[in-house]
Every structure is written in structure tokens, then in C-alpha cells.
file final-v7.cif (mmCIF, C-alpha atoms and all ligand atoms)
data_input
loop_
_atom_site.group_PDB
_atom_site.id
_atom_site.type_symbol
_atom_site.label_atom_id
_atom_site.label_comp_id
_atom_site.auth_asym_id
_atom_site.auth_seq_id
_atom_site.Cartn_x
_atom_site.Cartn_y
_atom_site.Cartn_z
ATOM 1 C CA MET W 196 -11.029 9.277 -11.611
ATOM 2 C CA PHE W 197 -9.172 6.234 -10.347
ATOM 3 C CA ILE W 198 -6.477 6.435 -7.681
ATOM 4 C CA ASP W 199 -3.582 3.998 -7.609
ATOM 5 C CA THR W 200 -2.950 4.059 -3.867
ATOM 6 C CA HIS W 201 0.320 2.109 -3.959
ATOM 7 C CA ALA W 202 3.029 2.376 -6.613
ATOM 8 C CA HIS W 203 6.831 2.229 -6.703
ATOM 9 C CA LEU W 204 7.672 4.445 -9.680
ATOM 10 C CA ASP W 205 11.087 5.178 -8.148
ATOM 11 C CA PHE W 206 12.168 1.542 -8.664
ATOM 12 C CA PRO W 207 14.748 0.834 -11.401
ATOM 13 C CA GLU W 208 12.079 -0.909 -13.522
ATOM 14 C CA PHE W 209 10.762 2.575 -14.402
ATOM 15 C CA LYS W 210 14.074 4.254 -15.009
ATOM 16 C CA ASN W 211 13.692 7.145 -17.497
ATOM 17 C CA GLU W 212 10.108 6.111 -18.220
ATOM 18 C CA VAL W 213 8.033 7.699 -15.471
ATOM 19 C CA HIS W 214 6.795 10.414 -17.814
ATOM 20 C CA GLN W 215 5.393 7.919 -20.363
ATOM 21 C CA VAL W 216 4.036 5.626 -17.649
ATOM 22 C CA LEU W 217 2.137 8.548 -16.086
ATOM 23 C CA GLY W 218 0.848 9.559 -19.520
ATOM 24 C CA ARG W 219 -0.664 6.091 -20.012
ATOM 25 C CA ALA W 220 -2.239 6.231 -16.532
ATOM 26 C CA ILE W 221 -3.834 9.625 -17.173
ATOM 27 C CA ASP W 222 -5.155 8.384 -20.546
ATOM 28 C CA VAL W 223 -7.282 5.733 -18.792
ATOM 29 C CA GLY W 224 -8.440 7.996 -15.955
ATOM 30 C CA VAL W 225 -5.871 7.168 -13.259
ATOM 31 C CA ARG W 226 -5.219 10.734 -12.097
ATOM 32 C CA ARG W 227 -3.727 10.288 -8.624
ATOM 33 C CA ILE W 228 -0.901 7.967 -7.656
ATOM 34 C CA ILE W 229 0.629 7.472 -4.245
ATOM 35 C CA ASN W 230 4.274 6.538 -4.531
ATOM 36 C CA VAL W 231 5.287 4.504 -1.522
ATOM 37 C CA GLY W 232 8.739 4.473 0.055
ATOM 38 C CA VAL W 233 10.370 1.305 1.367
ATOM 39 C CA ASP W 234 13.457 2.858 2.995
ATOM 40 C CA PHE W 235 14.882 6.358 3.443
ATOM 41 C CA ASP W 236 16.245 6.645 -0.121
ATOM 42 C CA SER W 237 13.068 5.538 -1.817
ATOM 43 C CA SER W 238 11.018 7.747 0.526
ATOM 44 C CA LYS W 239 13.131 10.674 -0.611
ATOM 45 C CA LYS W 240 12.708 9.661 -4.253
ATOM 46 C CA SER W 241 8.939 9.436 -3.669
ATOM 47 C CA VAL W 242 8.941 13.046 -2.445
ATOM 48 C CA ASP W 243 11.043 14.074 -5.461
ATOM 49 C CA LEU W 244 8.491 12.442 -7.800
ATOM 50 C CA ALA W 245 5.645 14.199 -5.965
ATOM 51 C CA ARG W 246 7.446 17.526 -6.402
ATOM 52 C CA LYS W 247 7.909 16.917 -10.087
ATOM 53 C CA TYR W 248 4.523 15.483 -11.118
ATOM 54 C CA PRO W 249 1.155 16.980 -10.072
ATOM 55 C CA GLU W 250 -0.534 13.525 -10.128
ATOM 56 C CA VAL W 251 1.941 11.937 -7.713
ATOM 57 C CA PHE W 252 1.771 11.997 -3.907
ATOM 58 C CA ALA W 253 4.289 10.421 -1.549
ATOM 59 C CA SER W 254 4.311 8.049 1.385
ATOM 60 C CA ILE W 255 7.429 7.707 3.522
ATOM 61 C CA GLY W 256 8.539 4.786 5.670
ATOM 62 C CA ILE W 257 10.723 1.756 6.300
ATOM 63 C CA HIS W 258 9.578 -1.611 4.923
ATOM 64 C CA PRO W 259 10.159 -4.578 7.275
ATOM 65 C CA HIS W 260 12.863 -5.899 4.912
ATOM 66 C CA SER W 261 14.816 -2.719 5.668
ATOM 67 C CA ALA W 262 14.101 -2.756 9.413
ATOM 68 C CA ASN W 263 17.843 -3.035 10.170
ATOM 69 C CA ASP W 264 18.299 0.453 8.624
ATOM 70 C CA LEU W 265 16.234 2.126 11.284
ATOM 71 C CA ASP W 266 18.046 4.274 13.799
ATOM 72 C CA ILE W 267 17.219 7.534 15.551
ATOM 73 C CA GLU W 268 18.850 9.601 12.814
ATOM 74 C CA THR W 269 16.857 7.902 10.035
ATOM 75 C CA LYS W 270 13.629 8.416 11.936
ATOM 76 C CA GLN W 271 14.495 12.094 12.354
ATOM 77 C CA ARG W 272 15.293 12.437 8.639
ATOM 78 C CA LEU W 273 11.949 10.830 7.745
ATOM 79 C CA PHE W 274 10.208 13.274 10.078
ATOM 80 C CA THR W 275 11.871 16.179 8.272
ATOM 81 C CA LEU W 276 11.046 14.706 4.854
ATOM 82 C CA ALA W 277 7.376 14.505 5.876
ATOM 83 C CA SER W 278 7.119 18.279 6.101
ATOM 84 C CA HIS W 279 6.559 18.383 2.324
ATOM 85 C CA PRO W 280 2.815 18.997 1.805
ATOM 86 C CA LYS W 281 2.498 16.132 -0.700
ATOM 87 C CA VAL W 282 3.577 13.519 1.861
ATOM 88 C CA VAL W 283 0.237 11.911 2.676
ATOM 89 C CA ALA W 284 1.101 8.760 4.663
ATOM 90 C CA VAL W 285 3.653 6.723 6.582
ATOM 91 C CA GLY W 286 4.393 3.474 4.776
ATOM 92 C CA GLU W 287 4.970 0.999 3.714
ATOM 93 C CA ILE W 288 5.571 -0.386 7.148
ATOM 94 C CA GLY W 289 4.692 -3.709 8.693
ATOM 95 C CA LEU W 290 5.899 -7.260 9.126
ATOM 96 C CA ASP W 291 7.070 -9.775 6.551
ATOM 97 C CA TYR W 292 7.906 -13.285 7.774
ATOM 98 C CA TYR W 293 7.898 -14.936 4.348
ATOM 99 C CA TYR W 294 11.675 -15.218 3.972
ATOM 100 C CA LEU W 295 12.277 -15.667 7.682
ATOM 101 C CA LYS W 296 10.148 -18.796 7.532
ATOM 102 C CA ARG W 297 11.843 -20.193 4.424
ATOM 103 C CA SER W 298 15.421 -19.084 4.185
ATOM 104 C CA SER W 299 18.158 -21.306 5.577
ATOM 105 C CA GLN W 300 20.499 -18.362 5.963
ATOM 106 C CA PHE W 301 17.935 -15.861 7.046
ATOM 107 C CA SER W 302 20.415 -13.655 8.920
ATOM 108 C CA LYS W 303 20.193 -11.333 5.903
ATOM 109 C CA TYR W 304 16.546 -10.608 6.753
ATOM 110 C CA PRO W 305 15.643 -8.565 9.812
ATOM 111 C CA SER W 306 14.550 -10.720 12.744
ATOM 112 C CA ARG W 307 10.987 -10.766 14.000
ATOM 113 C CA GLU W 308 12.040 -8.594 16.962
ATOM 114 C CA LYS W 309 13.753 -6.029 14.707
ATOM 115 C CA GLN W 310 10.718 -5.872 12.423
ATOM 116 C CA ILE W 311 8.367 -5.343 15.338
ATOM 117 C CA PHE W 312 10.608 -2.609 16.775
ATOM 118 C CA CYS W 313 10.695 -0.849 13.373
ATOM 119 C CA LEU W 314 6.917 -1.122 12.920
ATOM 120 C CA GLU W 315 6.265 0.382 16.357
ATOM 121 C CA GLN W 316 8.674 3.244 15.687
ATOM 122 C CA MET W 317 6.905 3.950 12.387
ATOM 123 C CA LEU W 318 3.461 3.830 14.008
ATOM 124 C CA ASP W 319 4.738 6.349 16.577
ATOM 125 C CA LEU W 320 6.003 8.510 13.702
ATOM 126 C CA SER W 321 2.576 8.417 12.032
ATOM 127 C CA ILE W 322 0.985 9.594 15.282
ATOM 128 C CA GLU W 323 3.495 12.438 15.643
ATOM 129 C CA LEU W 324 2.868 13.438 12.030
ATOM 130 C CA ARG W 325 -0.908 12.842 12.214
ATOM 131 C CA LYS W 326 -0.781 10.899 8.987
ATOM 132 C CA PRO W 327 -2.385 7.574 8.064
ATOM 133 C CA VAL W 328 -0.335 4.382 7.732
ATOM 134 C CA ILE W 329 0.087 1.950 4.834
ATOM 135 C CA ILE W 330 0.577 -1.514 6.330
ATOM 136 C CA HIS W 331 2.334 -4.465 4.707
ATOM 137 C CA SER W 332 1.572 -7.885 6.226
ATOM 138 C CA ARG W 333 2.998 -11.070 4.767
ATOM 139 C CA GLU W 334 2.587 -14.289 6.725
ATOM 140 C CA ALA W 335 2.436 -12.141 9.859
ATOM 141 C CA ASP W 336 -1.272 -11.404 10.270
ATOM 142 C CA ALA W 337 -1.489 -12.454 13.954
ATOM 143 C CA ASP W 338 1.393 -10.195 15.057
ATOM 144 C CA ILE W 339 0.148 -7.349 12.851
ATOM 145 C CA TYR W 340 -3.275 -7.606 14.436
ATOM 146 C CA ALA W 341 -1.913 -7.620 17.986
ATOM 147 C CA ILE W 342 0.244 -4.541 17.345
ATOM 148 C CA LEU W 343 -2.362 -2.546 15.403
ATOM 149 C CA LYS W 344 -4.913 -3.377 18.076
ATOM 150 C CA SER W 345 -2.700 -1.794 20.738
ATOM 151 C CA TYR W 346 -2.463 1.377 18.605
ATOM 152 C CA GLN W 347 -6.066 1.266 17.443
ATOM 153 C CA LYS W 348 -7.338 4.514 18.939
ATOM 154 C CA ASP W 349 -4.411 6.564 17.648
ATOM 155 C CA ILE W 350 -3.995 5.398 14.061
ATOM 156 C CA ARG W 351 -5.832 5.465 10.729
ATOM 157 C CA GLY W 352 -4.801 3.697 7.595
ATOM 158 C CA VAL W 353 -4.957 0.751 5.257
ATOM 159 C CA VAL W 354 -3.694 -2.811 5.069
ATOM 160 C CA HIS W 355 -2.373 -2.981 1.540
ATOM 161 C CA CYS W 356 -2.153 -5.857 -0.957
ATOM 162 C CA PHE W 357 -4.614 -7.834 1.105
ATOM 163 C CA SER W 358 -4.035 -11.571 0.965
ATOM 164 C CA GLY W 359 -5.253 -12.693 4.395
ATOM 165 C CA ASP W 360 -8.324 -14.676 5.391
ATOM 166 C CA TRP W 361 -11.874 -13.631 6.239
ATOM 167 C CA ASP W 362 -11.160 -13.457 9.954
ATOM 168 C CA PHE W 363 -8.233 -11.032 9.437
ATOM 169 C CA ALA W 364 -10.298 -8.899 7.022
ATOM 170 C CA LYS W 365 -13.059 -8.604 9.604
ATOM 171 C CA LYS W 366 -10.614 -7.592 12.345
ATOM 172 C CA ILE W 367 -9.067 -4.892 10.128
ATOM 173 C CA LEU W 368 -12.455 -3.368 9.414
ATOM 174 C CA GLU W 369 -13.440 -3.547 13.086
ATOM 175 C CA MET W 370 -10.329 -1.499 13.908
ATOM 176 C CA GLY W 371 -11.585 1.137 11.452
ATOM 177 C CA LEU W 372 -8.832 0.481 8.916
ATOM 178 C CA ALA W 373 -9.328 0.106 5.173
ATOM 179 C CA ILE W 374 -8.240 -2.738 2.893
ATOM 180 C CA SER W 375 -6.661 -2.325 -0.522
ATOM 181 C CA PHE W 376 -6.405 -4.841 -3.314
ATOM 182 C CA THR W 377 -3.847 -5.386 -6.061
ATOM 183 C CA GLY W 378 -3.797 -7.278 -9.362
ATOM 184 C CA ASN W 379 -3.291 -10.536 -7.485
ATOM 185 C CA ILE W 380 -7.073 -10.724 -6.993
ATOM 186 C CA THR W 381 -7.295 -11.511 -10.716
ATOM 187 C CA TYR W 382 -5.168 -14.651 -10.171
ATOM 188 C CA ALA W 383 -7.675 -16.169 -7.745
ATOM 189 C CA LYS W 384 -9.791 -19.155 -8.683
ATOM 190 C CA GLN W 385 -13.557 -18.874 -8.831
ATOM 191 C CA GLY W 386 -15.007 -19.246 -5.337
ATOM 192 C CA SER W 387 -11.741 -18.545 -3.509
ATOM 193 C CA GLU W 388 -11.639 -16.842 -0.107
ATOM 194 C CA ILE W 389 -10.339 -13.529 -1.486
ATOM 195 C CA GLN W 390 -13.378 -13.344 -3.774
ATOM 196 C CA ARG W 391 -15.677 -14.004 -0.834
ATOM 197 C CA ILE W 392 -13.957 -11.228 1.133
ATOM 198 C CA ILE W 393 -14.373 -8.785 -1.753
ATOM 199 C CA ALA W 394 -18.015 -9.787 -2.139
ATOM 200 C CA GLU W 395 -18.775 -9.345 1.566
ATOM 201 C CA ILE W 396 -16.941 -6.236 2.705
ATOM 202 C CA PRO W 397 -18.376 -2.790 1.879
ATOM 203 C CA LEU W 398 -16.990 -0.909 -1.124
ATOM 204 C CA GLY W 399 -16.616 2.148 1.099
ATOM 205 C CA SER W 400 -13.843 0.388 3.064
ATOM 206 C CA MET W 401 -11.850 -0.606 -0.005
ATOM 207 C CA MET W 402 -9.193 0.967 -2.169
ATOM 208 C CA VAL W 403 -7.377 -0.179 -5.291
ATOM 209 C CA GLU W 404 -3.659 -0.233 -5.990
ATOM 210 C CA THR W 405 -1.123 -1.813 -8.317
ATOM 211 C CA ASP W 406 1.980 -2.265 -6.100
ATOM 212 C CA CYS W 407 3.733 -1.773 -9.460
ATOM 213 C CA PRO W 408 6.168 -2.875 -10.842
ATOM 214 C CA TYR W 409 4.885 -6.099 -9.222
ATOM 215 C CA LEU W 410 1.640 -8.052 -9.446
ATOM 216 C CA ALA W 411 0.373 -7.080 -12.900
ATOM 217 C CA PRO W 412 -3.283 -8.125 -13.169
ATOM 218 C CA GLU W 413 -4.522 -10.579 -15.756
ATOM 219 C CA PRO W 414 -4.135 -10.464 -18.751
ATOM 220 C CA TYR W 415 -0.764 -8.785 -18.099
ATOM 221 C CA ARG W 416 0.405 -11.225 -15.428
ATOM 222 C CA GLY W 417 4.187 -11.643 -15.480
ATOM 223 C CA LYS W 418 4.756 -8.327 -17.259
ATOM 224 C CA ARG W 419 5.909 -5.151 -15.583
ATOM 225 C CA CYS W 420 2.925 -3.621 -13.864
ATOM 226 C CA GLU W 421 2.130 0.120 -14.033
ATOM 227 C CA PRO W 422 -0.542 2.447 -12.582
ATOM 228 C CA ALA W 423 -2.794 2.339 -15.699
ATOM 229 C CA MET W 424 -3.475 -1.312 -14.822
ATOM 230 C CA VAL W 425 -5.269 -0.379 -11.602
ATOM 231 C CA VAL W 426 -8.409 -0.126 -13.747
ATOM 232 C CA ARG W 427 -8.235 -3.921 -14.193
ATOM 233 C CA VAL W 428 -8.224 -4.356 -10.402
ATOM 234 C CA ALA W 429 -11.325 -2.146 -10.160
ATOM 235 C CA GLU W 430 -12.992 -4.132 -12.971
ATOM 236 C CA GLU W 431 -12.405 -7.371 -11.097
ATOM 237 C CA ILE W 432 -13.954 -5.919 -7.922
ATOM 238 C CA ALA W 433 -16.946 -4.689 -9.981
ATOM 239 C CA ARG W 434 -17.362 -8.182 -11.456
ATOM 240 C CA ILE W 435 -17.170 -9.946 -8.085
ATOM 241 C CA LYS W 436 -19.529 -7.495 -6.360
ATOM 242 C CA ASN W 437 -21.809 -7.273 -9.357
ATOM 243 C CA VAL W 438 -21.775 -3.475 -9.411
ATOM 244 C CA SER W 439 -20.743 -1.021 -12.132
ATOM 245 C CA LEU W 440 -17.129 -0.034 -12.704
ATOM 246 C CA THR W 441 -18.168 3.586 -12.135
ATOM 247 C CA GLU W 442 -19.445 2.698 -8.680
ATOM 248 C CA VAL W 443 -16.126 1.043 -7.769
ATOM 249 C CA GLU W 444 -14.227 4.015 -9.194
ATOM 250 C CA LYS W 445 -16.327 6.500 -7.244
ATOM 251 C CA GLN W 446 -16.280 4.754 -3.870
ATOM 252 C CA THR W 447 -12.649 3.607 -3.819
ATOM 253 C CA SER W 448 -11.422 7.042 -4.881
ATOM 254 C CA LYS W 449 -13.621 8.748 -2.310
ATOM 255 C CA LYS W 450 -12.136 6.511 0.372
ATOM 256 C CA ALA W 451 -8.578 7.273 -0.779
ATOM 257 C CA MET W 452 -9.220 11.023 -0.905
ATOM 258 C CA THR W 453 -10.662 11.044 2.590
ATOM 259 C CA LEU W 454 -7.986 8.827 4.121
ATOM 260 C CA PHE W 455 -5.004 10.542 2.500
ATOM 261 C CA GLY W 456 -6.471 14.044 2.392
ATOM 262 C CA ILE W 457 -5.993 14.506 -1.331
ATOM 263 C CA SER W 458 -8.336 16.106 -3.861
HETATM 264 ZN ZN ZN D 501 4.679 -2.027 -2.090
#
call {"tool": "encode", "arguments": {"input": "final-v7.cif", "output": "C-alpha cells", "more": "lines below"}}
Ligand SMILES: [Zn+2]
result
Amino acid sequence: MFIDTHAHLDFPEFKNEVHQVLGRAIDVGVRRIINVGVDFDSSKKSVDLARKYPEVFASIGIHPHSANDLDIETKQRLFTLASHPKVVAVGEIGLDYYYLKRSSQFSKYPSREKQIFCLEQMLDLSIELRKPVIIHSREADADIYAILKSYQKDIRGVVHCFSGDWDFAKKILEMGLAISFTGNITYAKQGSEIQRIIAEIPLGSMMVETDCPYLAPEPYRGKRCEPAMVVRVAEEIARIKNVSLTEVEKQTSKKAMTLFGIS
């Protein structure tokens, strides 16, 4: 069984199609899917999907792009939402400086300070709930490292959609966190740093995900991504590490089951 550890089936791209999309996933052996919230509404929708479909589990949290939404009431509502037994993580949470660095009128995006405040609140929530975290880091690896380091002894979790360098990968593993990979690893050129990272780090610290509807792996690049395509991500890892697909399937799923407490 494969586990897609990061999907957004509540997004409008899947409107009225979740049933068929899940059918295609199950057909290729993807039997567990973690649907990840990005704000309160999508966290709630993730829980609704988990209620409805046995294969789906939910993660709840506030993405850095929605950091301005966070107030005491929202945090309290997330805490209440997390009482559902199929809520397995807090995420996705983190820092995203991509637009802050590029946009001329970046006031629309939460400031660095706001994002950091939101991340720390969400890490505190994960500790209160005793659940692992799903971390998003985009062009913010140094700040992410500094903050996670200060929480190191109290948190467990994964840095998702890994796109950092070797040094960052090493630091994540040293903190006892896992790394998960999306279809974007299939875009990399032969000999690129991401391939070296995949080759070097142990399979037992890795998980696979789609981040669908985004980042469809080759040969589907540019199309809408869906959980069935996580098998392509696992195939790419098997190719780079020169191990069997079954081995990748077994070890990444074992890691996901242990981290998120699912069976
Ligand atoms: Zn995501």
C-alpha cells in the first residue's frame, strides 16, 4: 500500500470528483491519503472528507499565506476540530517568503513577522494536541531551521515538498524530522542536488506525497495532479536509490503510519 501524505482534495479542482479520484488511487494501491488544511475552512473540509471516506485522514492548520487569519478564536476552533479521531497532524504550517521577496505590492501577503507568529502558535497547538506537524518551507529554510530547532525536543513531523539543499536536509534529519517528496523530483536534471539528497538519505526517513492538485509528476507535468500519481514519485525514488518499488512502498508507508498513527 502507498500513502499519499499530502493532498488537497477539498480544493475546487476536485469539485464533485473526489469519489472518482479516490477510486483511481485505490486501483493503483494508494489506500491512505492525508488531506491537508491550509486555513480554517479547508481544515474543516479535510475533516469532512475524512468522515466521509475511509481512506482519507485529515491534517488541520494555517498555511503561512493565511497567517493574517490567525486569532485566538481560530486557534480555539482548530483545537476543537482536532478532537475528531481522524485528525492526524497539524499542518500545513510554516514560512513562505517566495512572494514577499518578489511582489512589488506584497502587503497582500502576510509579513515575515506575522508568518513567524502564526507558525509558533501552530507549533504550540501541535504540542497541546500531541500531534505531528507538516511543515511548508519556501525560500525560508534558515528561519524554519532556527524555529524548529528551538522546538526540537517537543515536536515530531515532516518537512513536506522538500526543495532545499543538502545542508538543510541534513539538519532536518538531525532534528529527528522526516522529509517528504512530491512529483517535482521528476522535473530535476540528472545529477541535480535533489537527486543526491534522495540517494544519500535513508529510505526510513522519507515519505511520498502529491501535494495535488499541484506538481503532477512526469509524464503528467502541467496536468491536474491526483493521489494515484504518488506511485510515480515512489518510482522515481526507487530509480535514484536503485532499490525496488516495493521497498520504497514498504518503507515510506511504514514511516507515514508510525508518524501519523494510522493503520
Ligand atoms: Zn500543500
call {"tool": "closest_residue", "arguments": {"input": "final-v7.cif", "among": "W:Phe376, W:Tyr292, W:Tyr415, W:Tyr304", "to": "Thr200 in chain W", "atoms": "only C-alpha atoms"}}
result
W:Phe376
call {"tool": "closest_residue", "arguments": {"input": "final-v7.cif", "among": "W:Val438, W:Lys445, W:Met317, W:Met196", "to": "Tyr346 in chain W", "atoms": "only C-alpha atoms"}}
result
W:Met317
call {"tool": "atom_distance", "arguments": {"input": "final-v7.cif", "atom1": "CA of Leu343 in chain W", "atom2": "CA of Ile432 in chain W"}}
result
26.3 Å
call {"tool": "closest_residue", "arguments": {"input": "final-v7.cif", "among": "W:Arg333, W:Pro305, W:Ser278, W:Glu421", "to": "Glu212 in chain W", "atoms": "all atoms listed in the file"}}
result
W:Glu421
call {"tool": "closest_residue", "arguments": {"input": "final-v7.cif", "among": "W:Gln316, W:Gln271, W:Thr405, W:Ser261", "to": "ligand ZN 501 (chain D)", "atoms": "only C-alpha atoms and all ligand atoms"}}
result
W:Thr405
call {"tool": "residues_near_ligand", "arguments": {"input": "final-v7.cif", "ligand": "ligand ZN 501 (chain D)", "cutoff": "9 Å", "atoms": "all atoms listed in the file", "output": "PyMOL selection string"}}
result
chain W and resi 201-203+230-233+258+286-287+331+355-356+405-409
call {"tool": "residues_near_point", "arguments": {"input": "final-v7.cif", "point": "(-5.5, 0.2, 7.3)", "cutoff": "12 Å", "atoms": "only C-alpha atoms", "output": "VMD selection string"}}
result
chain W and resid 284 to 289 318 326 to 332 339 to 340 343 to 344 346 to 347 350 to 357 363 to 376 400 to 402 450 to 451 454 to 455
call {"tool": "closest_residue", "arguments": {"input": "final-v7.cif", "among": "W:Ala429, W:Ala411, W:Leu314, W:Ile389", "to": "Ala262 in chain W", "atoms": "only C-alpha atoms"}}
result
W:Leu314
call {"tool": "build_atoms", "arguments": {"input": "final-v7.cif", "residues": "range 374-405 of chain W", "atoms": "N, CA and C atoms", "output": "PDB file, keeping the file's coordinate frame"}}
result
ATOM      1  N   ILE W 374      -8.953  -1.628   3.538  1.00  0.00           N
ATOM      2  CA  ILE W 374      -8.240  -2.738   2.893  1.00  0.00           C
ATOM      3  C   ILE W 374      -8.030  -2.353   1.439  1.00  0.00           C
ATOM      4  N   SER W 375      -6.814  -2.575   0.916  1.00  0.00           N
ATOM      5  CA  SER W 375      -6.661  -2.325  -0.522  1.00  0.00           C
ATOM      6  C   SER W 375      -6.199  -3.578  -1.236  1.00  0.00           C
ATOM      7  N   PHE W 376      -6.625  -3.649  -2.504  1.00  0.00           N
ATOM      8  CA  PHE W 376      -6.405  -4.841  -3.314  1.00  0.00           C
ATOM      9  C   PHE W 376      -5.549  -4.532  -4.532  1.00  0.00           C
ATOM     10  N   THR W 377      -4.712  -5.508  -4.886  1.00  0.00           N
ATOM     11  CA  THR W 377      -3.847  -5.386  -6.061  1.00  0.00           C
ATOM     12  C   THR W 377      -4.319  -6.327  -7.171  1.00  0.00           C
ATOM     13  N   GLY W 378      -3.523  -6.382  -8.236  1.00  0.00           N
ATOM     14  CA  GLY W 378      -3.797  -7.278  -9.362  1.00  0.00           C
ATOM     15  C   GLY W 378      -3.816  -8.748  -8.986  1.00  0.00           C
ATOM     16  N   ASN W 379      -3.300  -9.106  -7.819  1.00  0.00           N
ATOM     17  CA  ASN W 379      -3.291 -10.536  -7.485  1.00  0.00           C
ATOM     18  C   ASN W 379      -4.701 -11.088  -7.270  1.00  0.00           C
ATOM     19  N   ILE W 380      -5.691 -10.217  -7.108  1.00  0.00           N
ATOM     20  CA  ILE W 380      -7.073 -10.724  -6.993  1.00  0.00           C
ATOM     21  C   ILE W 380      -7.552 -11.331  -8.316  1.00  0.00           C
ATOM     22  N   THR W 381      -6.897 -10.942  -9.413  1.00  0.00           N
ATOM     23  CA  THR W 381      -7.295 -11.511 -10.716  1.00  0.00           C
ATOM     24  C   THR W 381      -6.675 -12.891 -10.931  1.00  0.00           C
ATOM     25  N   TYR W 382      -5.769 -13.312 -10.037  1.00  0.00           N
ATOM     26  CA  TYR W 382      -5.168 -14.651 -10.171  1.00  0.00           C
ATOM     27  C   TYR W 382      -6.024 -15.708  -9.469  1.00  0.00           C
ATOM     28  N   ALA W 383      -6.941 -15.241  -8.623  1.00  0.00           N
ATOM     29  CA  ALA W 383      -7.675 -16.169  -7.745  1.00  0.00           C
ATOM     30  C   ALA W 383      -8.648 -17.036  -8.535  1.00  0.00           C
ATOM     31  N   LYS W 384      -8.819 -18.244  -8.058  1.00  0.00           N
ATOM     32  CA  LYS W 384      -9.791 -19.155  -8.683  1.00  0.00           C
ATOM     33  C   LYS W 384     -11.203 -18.751  -8.264  1.00  0.00           C
ATOM     34  N   GLN W 385     -12.150 -19.114  -9.116  1.00  0.00           N
ATOM     35  CA  GLN W 385     -13.557 -18.874  -8.831  1.00  0.00           C
ATOM     36  C   GLN W 385     -13.915 -19.491  -7.474  1.00  0.00           C
ATOM     37  N   GLY W 386     -14.568 -18.712  -6.630  1.00  0.00           N
ATOM     38  CA  GLY W 386     -15.007 -19.246  -5.337  1.00  0.00           C
ATOM     39  C   GLY W 386     -13.938 -19.212  -4.253  1.00  0.00           C
ATOM     40  N   SER W 387     -12.811 -18.581  -4.508  1.00  0.00           N
ATOM     41  CA  SER W 387     -11.741 -18.545  -3.509  1.00  0.00           C
ATOM     42  C   SER W 387     -12.081 -17.559  -2.390  1.00  0.00           C
ATOM     43  N   GLU W 388     -11.343 -17.657  -1.291  1.00  0.00           N
ATOM     44  CA  GLU W 388     -11.639 -16.842  -0.107  1.00  0.00           C
ATOM     45  C   GLU W 388     -11.523 -15.343  -0.397  1.00  0.00           C
ATOM     46  N   ILE W 389     -10.517 -14.963  -1.207  1.00  0.00           N
ATOM     47  CA  ILE W 389     -10.339 -13.529  -1.486  1.00  0.00           C
ATOM     48  C   ILE W 389     -11.573 -12.979  -2.216  1.00  0.00           C
ATOM     49  N   GLN W 390     -12.163 -13.798  -3.073  1.00  0.00           N
ATOM     50  CA  GLN W 390     -13.378 -13.344  -3.774  1.00  0.00           C
ATOM     51  C   GLN W 390     -14.539 -13.188  -2.799  1.00  0.00           C
ATOM     52  N   ARG W 391     -14.615 -14.096  -1.839  1.00  0.00           N
ATOM     53  CA  ARG W 391     -15.677 -14.004  -0.834  1.00  0.00           C
ATOM     54  C   ARG W 391     -15.495 -12.723  -0.011  1.00  0.00           C
ATOM     55  N   ILE W 392     -14.234 -12.434   0.345  1.00  0.00           N
ATOM     56  CA  ILE W 392     -13.957 -11.228   1.133  1.00  0.00           C
ATOM     57  C   ILE W 392     -14.382  -9.975   0.364  1.00  0.00           C
ATOM     58  N   ILE W 393     -14.007  -9.939  -0.918  1.00  0.00           N
ATOM     59  CA  ILE W 393     -14.373  -8.785  -1.753  1.00  0.00           C
ATOM     60  C   ILE W 393     -15.893  -8.665  -1.864  1.00  0.00           C
ATOM     61  N   ALA W 394     -16.554  -9.810  -2.016  1.00  0.00           N
ATOM     62  CA  ALA W 394     -18.015  -9.787  -2.139  1.00  0.00           C
ATOM     63  C   ALA W 394     -18.666  -9.270  -0.864  1.00  0.00           C
ATOM     64  N   GLU W 395     -18.106  -9.628   0.290  1.00  0.00           N
ATOM     65  CA  GLU W 395     -18.775  -9.345   1.566  1.00  0.00           C
ATOM     66  C   GLU W 395     -18.476  -7.961   2.140  1.00  0.00           C
ATOM     67  N   ILE W 396     -17.255  -7.479   2.002  1.00  0.00           N
ATOM     68  CA  ILE W 396     -16.941  -6.236   2.705  1.00  0.00           C
ATOM     69  C   ILE W 396     -17.420  -5.023   1.898  1.00  0.00           C
ATOM     70  N   PRO W 397     -17.802  -3.941   2.593  1.00  0.00           N
ATOM     71  CA  PRO W 397     -18.376  -2.790   1.879  1.00  0.00           C
ATOM     72  C   PRO W 397     -17.361  -2.080   0.984  1.00  0.00           C
ATOM     73  N   LEU W 398     -17.837  -1.647  -0.175  1.00  0.00           N
ATOM     74  CA  LEU W 398     -16.990  -0.909  -1.124  1.00  0.00           C
ATOM     75  C   LEU W 398     -16.360   0.321  -0.474  1.00  0.00           C
ATOM     76  N   GLY W 399     -17.087   0.933   0.440  1.00  0.00           N
ATOM     77  CA  GLY W 399     -16.616   2.148   1.099  1.00  0.00           C
ATOM     78  C   GLY W 399     -15.404   1.932   1.994  1.00  0.00           C
ATOM     79  N   SER W 400     -15.035   0.673   2.257  1.00  0.00           N
ATOM     80  CA  SER W 400     -13.843   0.388   3.064  1.00  0.00           C
ATOM     81  C   SER W 400     -12.680  -0.103   2.214  1.00  0.00           C
ATOM     82  N   MET W 401     -12.855  -0.032   0.897  1.00  0.00           N
ATOM     83  CA  MET W 401     -11.850  -0.606  -0.005  1.00  0.00           C
ATOM     84  C   MET W 401     -11.143   0.459  -0.823  1.00  0.00           C
ATOM     85  N   MET W 402      -9.894   0.139  -1.187  1.00  0.00           N
ATOM     86  CA  MET W 402      -9.193   0.967  -2.169  1.00  0.00           C
ATOM     87  C   MET W 402      -8.512   0.034  -3.168  1.00  0.00           C
ATOM     88  N   VAL W 403      -8.077   0.615  -4.289  1.00  0.00           N
ATOM     89  CA  VAL W 403      -7.377  -0.179  -5.291  1.00  0.00           C
ATOM     90  C   VAL W 403      -5.950   0.331  -5.441  1.00  0.00           C
ATOM     91  N   GLU W 404      -5.085  -0.564  -5.859  1.00  0.00           N
ATOM     92  CA  GLU W 404      -3.659  -0.233  -5.990  1.00  0.00           C
ATOM     93  C   GLU W 404      -3.042  -1.210  -6.999  1.00  0.00           C
ATOM     94  N   THR W 405      -1.838  -0.861  -7.458  1.00  0.00           N
ATOM     95  CA  THR W 405      -1.123  -1.813  -8.317  1.00  0.00           C
ATOM     96  C   THR W 405       0.045  -2.496  -7.605  1.00  0.00           C
TER      97      THR W 405
END
